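Trainee: Just so it is clear, I am handing over work_0.pdb, which has PDB, C-alpha atoms.
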ATOM      1  CA  ASN A1243      32.194-117.284  10.903
ATOM      2  CA  PHE A1244      31.674-120.069  13.427
ATOM      3  CA  PHE A1245      31.517-117.685  16.401
ATOM      4  CA  THR A1246      28.344-115.880  15.370
ATOM      5  CA  THR A1247      26.816-119.203  14.325
ATOM      6  CA  LEU A1248      27.498-120.960  17.623
ATOM      7  CA  TYR A1249      27.127-117.967  19.924
ATOM      8  CA  VAL A1250      24.334-115.889  18.443
ATOM      9  CA  GLY A1251      24.218-112.449  20.050
ATOM     10  CA  CYS A1252      27.038-113.266  22.483
ATOM     11  CA  THR A1253      28.879-110.135  23.624
ATOM     12  CA  ASP A1254      30.582-111.547  26.720
ATOM     13  CA  PHE A1255      32.412-114.825  26.145
ATOM     14  CA  ILE A1256      33.904-116.539  29.206
ATOM     15  CA  GLY A1257      36.218-118.975  27.404
ATOM     16  CA  ASN A1258      39.343-118.862  25.240
ATOM     17  CA  LEU A1259      39.370-117.766  21.615
ATOM     18  CA  GLY A1260      42.010-118.866  19.114
ATOM     19  CA  ILE A1261      42.459-117.190  15.729
ATOM     20  CA  ARG A1262      45.165-119.228  14.051
ATOM     21  CA  ASP A1263      46.131-120.910  10.833
ATOM     22  CA  ASP A1264      45.480-124.641  11.168
ATOM     23  CA  ASN A1265      48.264-125.498   8.666
ATOM     24  CA  ASP A1266      45.878-127.087   6.199
ATOM     25  CA  GLY A1267      47.431-125.199   3.294
ATOM     26  CA  LEU A1268      44.395-122.979   2.780
ATOM     27  CA  ASP A1269      45.456-119.951   4.874
ATOM     28  CA  ASN A1270      41.826-118.913   4.888
ATOM     29  CA  ILE A1271      41.507-116.499   7.841
ATOM     30  CA  THR A1272      41.316-113.030   6.308
ATOM     31  CA  ASP A1273      38.356-111.352   8.005
ATOM     32  CA  LEU A1274      37.514-110.943  11.706
ATOM     33  CA  SER A1275      34.252-109.044  11.186
ATOM     34  CA  PRO A1276      32.151-111.942  12.577
ATOM     35  CA  LEU A1277      33.668-111.049  15.982
ATOM     36  CA  LEU A1278      32.319-107.479  15.995
ATOM     37  CA  GLN A1279      29.697-108.430  18.578
ATOM     38  CA  LEU A1280      32.355-109.386  21.127
ATOM     39  CA  VAL A1281      32.834-106.903  24.012
ATOM     40  CA  THR A1282      34.530-108.927  26.759
ATOM     41  CA  LEU A1283      36.529-112.147  26.656
ATOM     42  CA  GLY A1284      37.082-114.021  29.910
ATOM     43  CA  GLY A1285      39.936-116.265  28.811
ATOM     44  CA  ASN A1286      42.880-116.073  26.394
ATOM     45  CA  LEU A1287      42.818-114.478  22.963
ATOM     46  CA  VAL A1288      45.437-115.983  20.645
ATOM     47  CA  ILE A1289      46.090-114.536  17.172
ATOM     48  CA  ASP A1290      48.862-116.716  15.823
ATOM     49  CA  GLY A1291      50.394-117.684  12.494
ATOM     50  CA  ASN A1292      47.751-116.237  10.176
ATOM     51  CA  GLN A1293      49.517-115.897   6.854
ATOM     52  CA  ASN A1294      46.832-113.823   5.102
ATOM     53  CA  LEU A1295      45.247-111.875   7.937
ATOM     54  CA  SER A1296      46.029-108.190   7.367
ATOM     55  CA  SER A1297      43.660-106.474   9.806
ATOM     56  CA  LEU A1298      42.212-106.839  13.321
ATOM     57  CA  ILE A1299      39.282-104.539  12.515
ATOM     58  CA  GLY A1300      36.716-107.182  13.512
ATOM     59  CA  LEU A1301      37.750-106.843  17.166
ATOM     60  CA  GLY A1302      36.691-103.208  17.262
ATOM     61  CA  ASN A1303      34.242-103.562  20.184
ATOM     62  CA  LEU A1304      36.458-105.650  22.455
ATOM     63  CA  ASN A1305      37.281-103.751  25.648
ATOM     64  CA  SER A1306      38.783-106.404  27.930
ATOM     65  CA  VAL A1307      40.612-109.737  27.793
ATOM     66  CA  GLY A1308      40.527-111.679  31.055
ATOM     67  CA  LYS A1309      43.755-113.599  30.577
ATOM     68  CA  ASP A1310      46.458-113.469  27.851
ATOM     69  CA  LEU A1311      46.389-111.602  24.564
ATOM     70  CA  THR A1312      48.912-113.172  22.202
ATOM     71  CA  ILE A1313      49.674-111.720  18.761
ATOM     72  CA  ILE A1314      52.459-113.776  17.193
ATOM     73  CA  SER A1315      53.736-114.461  13.663
ATOM     74  CA  ASN A1316      51.091-112.707  11.586
ATOM     75  CA  PRO A1317      53.187-111.502   8.624
ATOM     76  CA  GLN A1318      50.563-109.300   6.919
ATOM     77  CA  ILE A1319      49.576-107.195   9.927
ATOM     78  CA  THR A1320      51.114-103.695   9.817
ATOM     79  CA  SER A1321      49.301-102.217  12.831
ATOM     80  CA  LEU A1322      46.965-103.320  15.627
ATOM     81  CA  SER A1323      44.152-101.088  14.439
ATOM     82  CA  GLY A1324      40.927-102.787  15.409
ATOM     83  CA  LEU A1325      41.810-103.109  19.094
ATOM     84  CA  ASN A1326      41.006 -99.458  19.706
ATOM     85  CA  GLU A1327      38.507-100.097  22.527
ATOM     86  CA  LEU A1328      40.745-102.491  24.437
ATOM     87  CA  SER A1329      41.608-101.047  27.851
ATOM     88  CA  THR A1330      42.441-103.990  30.126
ATOM     89  CA  ILE A1331      44.326-107.278  29.778
ATOM     90  CA  GLY A1332      44.132-109.532  32.816
ATOM     91  CA  SER A1333      47.402-111.344  32.284
ATOM     92  CA  ASP A1334      50.098-111.205  29.556
ATOM     93  CA  LEU A1335      50.248-109.161  26.362
ATOM     94  CA  GLN A1336      52.662-110.699  23.863
ATOM     95  CA  ILE A1337      53.402-109.010  20.533
ATOM     96  CA  GLU A1338      56.099-111.082  18.872
ATOM     97  CA  ASN A1339      57.565-111.904  15.464
ATOM     98  CA  ASN A1340      55.074-109.957  13.356
ATOM     99  CA  ILE A1341      57.565-109.105  10.637
ATOM    100  CA  ASN A1342      55.619-106.273   8.931
ATOM    101  CA  LEU A1343      54.188-104.631  12.036
ATOM    102  CA  THR A1344      55.351-100.992  11.894
ATOM    103  CA  ASN A1345      53.360 -99.440  14.762
ATOM    104  CA  LEU A1346      51.024-100.253  17.639
ATOM    105  CA  MET A1347      48.086 -98.186  16.398
ATOM    106  CA  GLY A1348      45.042 -99.746  18.039
ATOM    107  CA  LEU A1349      46.397 -99.791  21.593
ATOM    108  CA  GLU A1350      45.523 -96.144  22.317
ATOM    109  CA  SER A1351      43.007 -97.128  25.035
ATOM    110  CA  LEU A1352      45.146 -99.757  26.759
ATOM    111  CA  ASN A1353      45.467 -98.811  30.422
ATOM    112  CA  ASN A1354      47.116-101.849  32.014
ATOM    113  CA  THR A1355      48.273-105.424  31.707
ATOM    114  CA  GLY A1356      47.859-107.727  34.687
ATOM    115  CA  LYS A1357      51.175-109.457  34.122
ATOM    116  CA  ASN A1358      53.876-109.318  31.428
ATOM    117  CA  PHE A1359      54.016-107.059  28.390
ATOM    118  CA  VAL A1360      56.430-108.393  25.765
ATOM    119  CA  ILE A1361      57.339-106.620  22.500
ATOM    120  CA  ASP A1362      59.900-108.862  20.822
ATOM    121  CA  GLY A1363      61.128-109.724  17.347
ATOM    122  CA  ASN A1364      58.951-107.333  15.351
ATOM    123  CA  SER A1365      61.602-106.446  12.799
ATOM    124  CA  ALA A1366      59.733-103.570  11.067
ATOM    125  CA  LEU A1367      58.397-101.916  14.236
ATOM    126  CA  ILE A1368      59.431 -98.236  14.157
ATOM    127  CA  THR A1369      57.429 -96.635  16.956
ATOM    128  CA  LEU A1370      55.511 -97.389  20.155
ATOM    129  CA  GLU A1371      53.686 -94.058  20.025
ATOM    130  CA  HIS A1372      50.208 -95.504  20.567
ATOM    131  CA  LEU A1373      50.888 -96.620  24.150
ATOM    132  CA  ASN A1374      50.242 -93.208  25.660
ATOM    133  CA  SER A1375      47.407 -94.442  27.912
ATOM    134  CA  LEU A1376      49.371 -97.311  29.449
ATOM    135  CA  ASP A1377      49.478 -96.649  33.205
ATOM    136  CA  SER A1378      50.821 -99.886  34.685
ATOM    137  CA  VAL A1379      52.339-103.257  33.814
ATOM    138  CA  GLY A1380      51.649-105.890  36.461
ATOM    139  CA  SER A1381      54.863-107.836  35.950
ATOM    140  CA  THR A1382      57.698-107.482  33.389
ATOM    141  CA  LEU A1383      57.908-105.072  30.476
ATOM    142  CA  ASN A1384      60.315-106.513  27.910
ATOM    143  CA  ILE A1385      61.294-104.670  24.718
ATOM    144  CA  SER A1386      63.791-106.737  22.700
ATOM    145  CA  ASN A1387      64.887-107.535  19.147
ATOM    146  CA  ASN A1388      62.848-104.895  17.348
ATOM    147  CA  ASN A1389      65.494-103.932  14.811
ATOM    148  CA  ALA A1390      63.826-100.804  13.382
ATOM    149  CA  LEU A1391      62.638 -99.253  16.675
ATOM    150  CA  LEU A1392      63.829 -95.644  16.775
ATOM    151  CA  ASN A1393      62.907 -94.414  20.255
ATOM    152  CA  LEU A1394      61.048 -95.103  23.493
ATOM    153  CA  ASP A1395      59.539 -91.663  24.016
ATOM    154  CA  GLN A1396      55.951 -92.839  24.010
ATOM    155  CA  PHE A1397      55.395 -94.142  27.560
ATOM    156  CA  ASN A1398      53.876 -90.842  28.691
ATOM    157  CA  SER A1399      51.490 -92.295  31.304
ATOM    158  CA  LEU A1400      53.365 -95.334  32.607
ATOM    159  CA  LYS A1401      53.891 -95.054  36.367
ATOM    160  CA  TYR A1402      54.319 -98.561  37.716
ATOM    161  CA  ILE A1403      56.013-101.821  36.640
ATOM    162  CA  GLY A1404      55.334-104.766  38.945
ATOM    163  CA  SER A1405      58.532-106.676  38.183
ATOM    164  CA  ASN A1406      61.326-106.056  35.658
ATOM    165  CA  LEU A1407      61.848-103.476  32.934
ATOM    166  CA  THR A1408      64.108-104.948  30.268
ATOM    167  CA  ILE A1409      65.313-103.041  27.211
ATOM    168  CA  ASN A1410      67.439-105.745  25.741
ATOM    169  CA  THR A1411      69.664-106.584  22.805
ATOM    170  CA  GLY A1412      68.435-106.476  19.225
ATOM    171  CA  ASN A1413      66.872-103.008  19.191
ATOM    172  CA  SER A1414      69.691-102.082  16.840
ATOM    173  CA  ALA A1415      68.288 -98.740  15.570
ATOM    174  CA  LEU A1416      67.739 -97.446  19.096
ATOM    175  CA  GLU A1417      70.348 -94.803  19.912
ATOM    176  CA  THR A1418      68.754 -92.786  22.722
ATOM    177  CA  ILE A1419      66.407 -93.504  25.605
ATOM    178  CA  SER A1420      64.567 -90.357  26.570
ATOM    179  CA  GLY A1421      61.180 -91.689  27.641
ATOM    180  CA  PHE A1422      59.679 -93.248  30.780
ATOM    181  CA  ASN A1423      59.495 -89.830  32.418
ATOM    182  CA  THR A1424      56.263 -90.635  34.320
ATOM    183  CA  LEU A1425      57.593 -93.939  35.662
ATOM    184  CA  VAL A1426      57.928 -93.893  39.462
ATOM    185  CA  ILE A1427      58.453 -97.485  40.644
ATOM    186  CA  VAL A1428      60.036-100.626  39.173
ATOM    187  CA  GLU A1429      59.491-103.499  41.589
ATOM    188  CA  GLY A1430      62.206-105.700  40.060
ATOM    189  CA  ASN A1431      65.319-105.128  37.948
ATOM    190  CA  LEU A1432      65.795-102.354  35.420
ATOM    191  CA  THR A1433      68.072-103.563  32.630
ATOM    192  CA  ILE A1434      69.296-101.577  29.637
ATOM    193  CA  ARG A1435      71.475-103.580  27.271
ATOM    194  CA  ASN A1436      71.718-102.210  23.713
ATOM    195  CA  VAL A1437      75.010-101.855  21.892
ATOM    196  CA  ASN A1438      74.053 -98.784  19.808
ATOM    197  CA  ILE A1439      72.670 -96.581  22.589
ATOM    198  CA  THR A1440      74.665 -93.366  22.967
ATOM    199  CA  SER A1441      72.629 -91.571  25.641
ATOM    200  CA  ILE A1442      70.069 -92.158  28.384
ATOM    201  CA  SER A1443      68.150 -89.063  29.398
ATOM    202  CA  GLY A1444      64.791 -90.473  30.475
ATOM    203  CA  PHE A1445      63.497 -91.839  33.773
ATOM    204  CA  GLN A1446      63.287 -88.335  35.227
ATOM    205  CA  ASN A1447      60.719 -89.232  37.916
ATOM    206  CA  ILE A1448      61.668 -92.763  38.874
ATOM    207  CA  ASP A1449      62.033 -92.978  42.644
ATOM    208  CA  SER A1450      62.554 -96.650  43.463
ATOM    209  CA  ILE A1451      64.027 -99.739  41.815
ATOM    210  CA  ASN A1452      63.360-102.661  44.128
ATOM    211  CA  GLY A1453      65.825-104.915  42.328
ATOM    212  CA  ARG A1454      69.033-104.209  40.430
ATOM    213  CA  LEU A1455      69.849-101.375  38.060
ATOM    214  CA  ARG A1456      71.831-102.866  35.195
ATOM    215  CA  ILE A1457      73.192-100.684  32.406
ATOM    216  CA  ASN A1458      75.697-102.858  30.601
ATOM    217  CA  VAL A1459      76.873-104.120  27.200
ATOM    218  CA  ASN A1460      76.282-100.604  25.850
ATOM    219  CA  SER A1461      79.651-100.050  24.182
ATOM    220  CA  ASN A1462      78.611 -96.754  22.528
ATOM    221  CA  LEU A1463      77.032 -95.179  25.597
ATOM    222  CA  GLN A1464      78.422 -91.698  26.173
ATOM    223  CA  SER A1465      76.082 -90.021  28.650
ATOM    224  CA  ILE A1466      73.495 -90.730  31.337
ATOM    225  CA  THR A1467      71.535 -87.660  32.396
ATOM    226  CA  GLY A1468      68.321 -89.292  33.592
ATOM    227  CA  PHE A1469      67.406 -90.864  36.938
ATOM    228  CA  ASN A1470      67.471 -87.445  38.627
ATOM    229  CA  ASN A1471      64.955 -88.448  41.329
ATOM    230  CA  LEU A1472      66.167 -91.980  41.960
ATOM    231  CA  THR A1473      66.599 -92.469  45.721
ATOM    232  CA  PHE A1474      66.503 -96.226  46.200
ATOM    233  CA  VAL A1475      67.974 -99.295  44.465
ATOM    234  CA  ALA A1476      67.512-102.460  46.515
ATOM    235  CA  ASN A1477      70.211-104.795  45.218
ATOM    236  CA  ASP A1478      72.821-102.637  43.603
TER     237      ASP A1478
END
Re-express the file's structure as structure tokens.

Mentor:
Amino acid sequence: NFFTTLYVGCTDFIGNLGIRDDNDGLDNITDLSPLLQLVTLGGNLVIDGNQNLSSLIGLGNLNSVGKDLTIISNPQITSLSGLNELSTIGSDLQIENNINLTNLMGLESLNNTGKNFVIDGNSALITLEHLNSLDSVGSTLNISNNNALLNLDQFNSLKYIGSNLTINTGNSALETISGFNTLVIVEGNLTIRNVNITSISGFQNIDSINGRLRINVNSNLQSITGFNNLTFVAND
């Protein structure tokens, strides 16, 4: 509750905000409702290691984060509901090691990240279906080690990736890649490396990969029917 006490009526906060367990044995962060007044954050927002935090509902009016948004190791969170107004992240978005996170509900309004977007180590994550408004990623999009992830069909607006697209090892339930059909340009490498993938039929509109195209360590891959409009790979 310190935020509303120290910053009465503050809707636009220019600094960093950390929501984290301080390892004092109390695990006492359970409610983010004192942050409901917050609309814009100029710095980093870190939500890290909160053992008893089950909801992000208190962030329901936040529409932009100026720098990084980090959501790491919050074992009770099952969705990102509460971030529903968030449309812009100035730098990195990291969603990592949230062991009971099953979906990304709450990111329906997210339009872009200024730099990297990392989805890694969320062992219960089944779907990315709430990323349908995501238009661009400023640097690398990395999807790795999400053992329950079933498909990547949900990137229905993504057109541009400013560096690498990496679909890496550890997405063990992922058998097909049929999404990314609005993606046009990858400025860096495009890497697909998942042992259980049997088919790749997405990427229907990608035109340019300005790095390498790497499809390897996919021992069960049987067919590639995507990439129909690909005309340029810089370093292949």

Trainee: Rank A:Asn1326, A:Ile1427, A:Ile1466, A:Ser1414 by their smallest atom-to-atom distance to Ser1450 of chain A, using only C-alpha atoms, and report the top residue only.

Mentor: A:Ile1427

Trainee: Please enumerate the residues selected by the PyMOL selection byres ((chain A and resi 1330-1336) around 7) when evaluated against the supplied file, formatted as a PDB file with C-alpha atoms, in the frame of the given file.

Mentor:
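What follows is the written file part_21.pdb:
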ATOM      1  CA  ASN A1305      37.281-103.751  25.648  1.00  0.00           C
ATOM      2  CA  SER A1306      38.783-106.404  27.930  1.00  0.00           C
ATOM      3  CA  VAL A1307      40.612-109.737  27.793  1.00  0.00           C
ATOM      4  CA  GLY A1308      40.527-111.679  31.055  1.00  0.00           C
ATOM      5  CA  LYS A1309      43.755-113.599  30.577  1.00  0.00           C
ATOM      6  CA  ASP A1310      46.458-113.469  27.851  1.00  0.00           C
ATOM      7  CA  LEU A1311      46.389-111.602  24.564  1.00  0.00           C
ATOM      8  CA  THR A1312      48.912-113.172  22.202  1.00  0.00           C
ATOM      9  CA  ILE A1313      49.674-111.720  18.761  1.00  0.00           C
ATOM     10  CA  LEU A1328      40.745-102.491  24.437  1.00  0.00           C
ATOM     11  CA  SER A1329      41.608-101.047  27.851  1.00  0.00           C
ATOM     12  CA  ILE A1337      53.402-109.010  20.533  1.00  0.00           C
ATOM     13  CA  GLU A1338      56.099-111.082  18.872  1.00  0.00           C
ATOM     14  CA  LEU A1352      45.146 -99.757  26.759  1.00  0.00           C
ATOM     15  CA  ASN A1353      45.467 -98.811  30.422  1.00  0.00           C
ATOM     16  CA  ASN A1354      47.116-101.849  32.014  1.00  0.00           C
ATOM     17  CA  THR A1355      48.273-105.424  31.707  1.00  0.00           C
ATOM     18  CA  GLY A1356      47.859-107.727  34.687  1.00  0.00           C
ATOM     19  CA  LYS A1357      51.175-109.457  34.122  1.00  0.00           C
ATOM     20  CA  ASN A1358      53.876-109.318  31.428  1.00  0.00           C
ATOM     21  CA  PHE A1359      54.016-107.059  28.390  1.00  0.00           C
ATOM     22  CA  VAL A1360      56.430-108.393  25.765  1.00  0.00           C
ATOM     23  CA  ILE A1361      57.339-106.620  22.500  1.00  0.00           C
TER      24      ILE A1361
END

Trainee: Is it possible to get the axis-aligned box enclosing segment 1366-1370 of chain A (all listed atoms, 8 Å extra per side) as JSON, with centre and edge lengths in Å rounded to one decimal?

Mentor:
{"center_x": 57.6, "center_y": -100.1, "center_z": 15.6, "size_x": 20.2, "size_y": 22.9, "size_z": 25.1}

Trainee: Please evaluate the PyMOL selection byres ((chain A and resi 1467-1470) around 8) against the structure above and give the resulting residues as number ranges by chain.

Mentor: A: 1441-1448, 1465-1466, 1471-1472

Trainee: Find the residues with any atom within 8 Å of (67.5, -107.6, 20.0); use all atoms listed in the file and the coordinates as given in the file, and write the answer as a list in words.

Mentor: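 Protein and nucleic acid residues near the point are Asp1362, Gly1363, Ser1386, Asn1387, Asn1388, Asn1389, Asn1410, Thr1411, Gly1412, Asn1413, Ser1414 and Asn1436 of chain A.
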
Trainee: Tell me, as a VMD selection string, which residues lie within 9 Å of Thr1440 of chain A, counting all atoms listed in the file; anything in the same chain fewer than 2 positions away does not count.

Mentor: chain A and resid 1416 to 1419 1437 to 1438 1442 1460 to 1466

Trainee: Atom CA of Val1288 of chain A and atom CA of Glu1371 of chain A are how many Å apart?

Mentor: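 Value for the atom CA of Val1288 of chain A-atom CA of Glu1371 of chain A distance: 23.4 Å.
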
Trainee: Please determine, counting only C-alpha atoms, which residue among A:Thr1282, A:Gln1318, A:Cys1252, A:Gly1291 has the shortest atom-to-atom distance to Asp1264 of chain A.

Mentor: A:Gly1291

Trainee: How many Å lie between atom CA of Leu1392 of chain A and atom CA of Gly1302 of chain A, rounded to one decimal?

Mentor: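 If I compute the distance from atom CA of Leu1392 of chain A to atom CA of Gly1302 of chain A, I get 28.2 Å.
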
Trainee: Could you tell me which residues the PyMOL selection byres ((chain A and resi 1343-1345) around 8) grabs in this file, written as a list of chain:residue names?

Mentor: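 Checked against the file, the PyMOL selection byres ((chain A and resi 1343-1345) around 8) matches A:Pro1317, A:Gln1318, A:Ile1319, A:Thr1320, A:Ser1321, A:Leu1322, A:Asn1340, A:Ile1341, A:Asn1342, A:Leu1346, A:Met1347, A:Asn1364, A:Ser1365, A:Ala1366, A:Leu1367, A:Ile1368, A:Thr1369, A:Leu1370, A:Glu1371, A:His1372.
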
Trainee: Tell me, in Å to one decimal, how far atom CA of Ala1415 of chain A is from atom CA of Tyr1402 of chain A.

Mentor: 26.2 Å

Trainee: May I have the residues within 10 Å of Leu1400 of chain A as a PyMOL selection string, using only C-alpha atoms and disregarding those fewer than 6 positions away in the same chain?

Mentor: chain A and resi 1353-1354+1373-1379+1421-1427

Trainee: So which one's closest to Ser1381 of chain A, A:Val1250, A:Ile1403, A:Leu1301, A:Gly1324? Using all atoms listed in the file, please.

Mentor: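 Checking each of A:Val1250, A:Ile1403, A:Leu1301, A:Gly1324 against Ser1381 of chain A, counting all atoms listed in the file, the winner is A:Ile1403.
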
Trainee: Between A:Val1475, A:Leu1259, A:Ile1451, A:Leu1394, which residue has the minimum interatomic distance to Gly1284 of chain A, considering all atoms listed in the file?

Mentor: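 Under the stated criterion, the closest residue is A:Leu1259.
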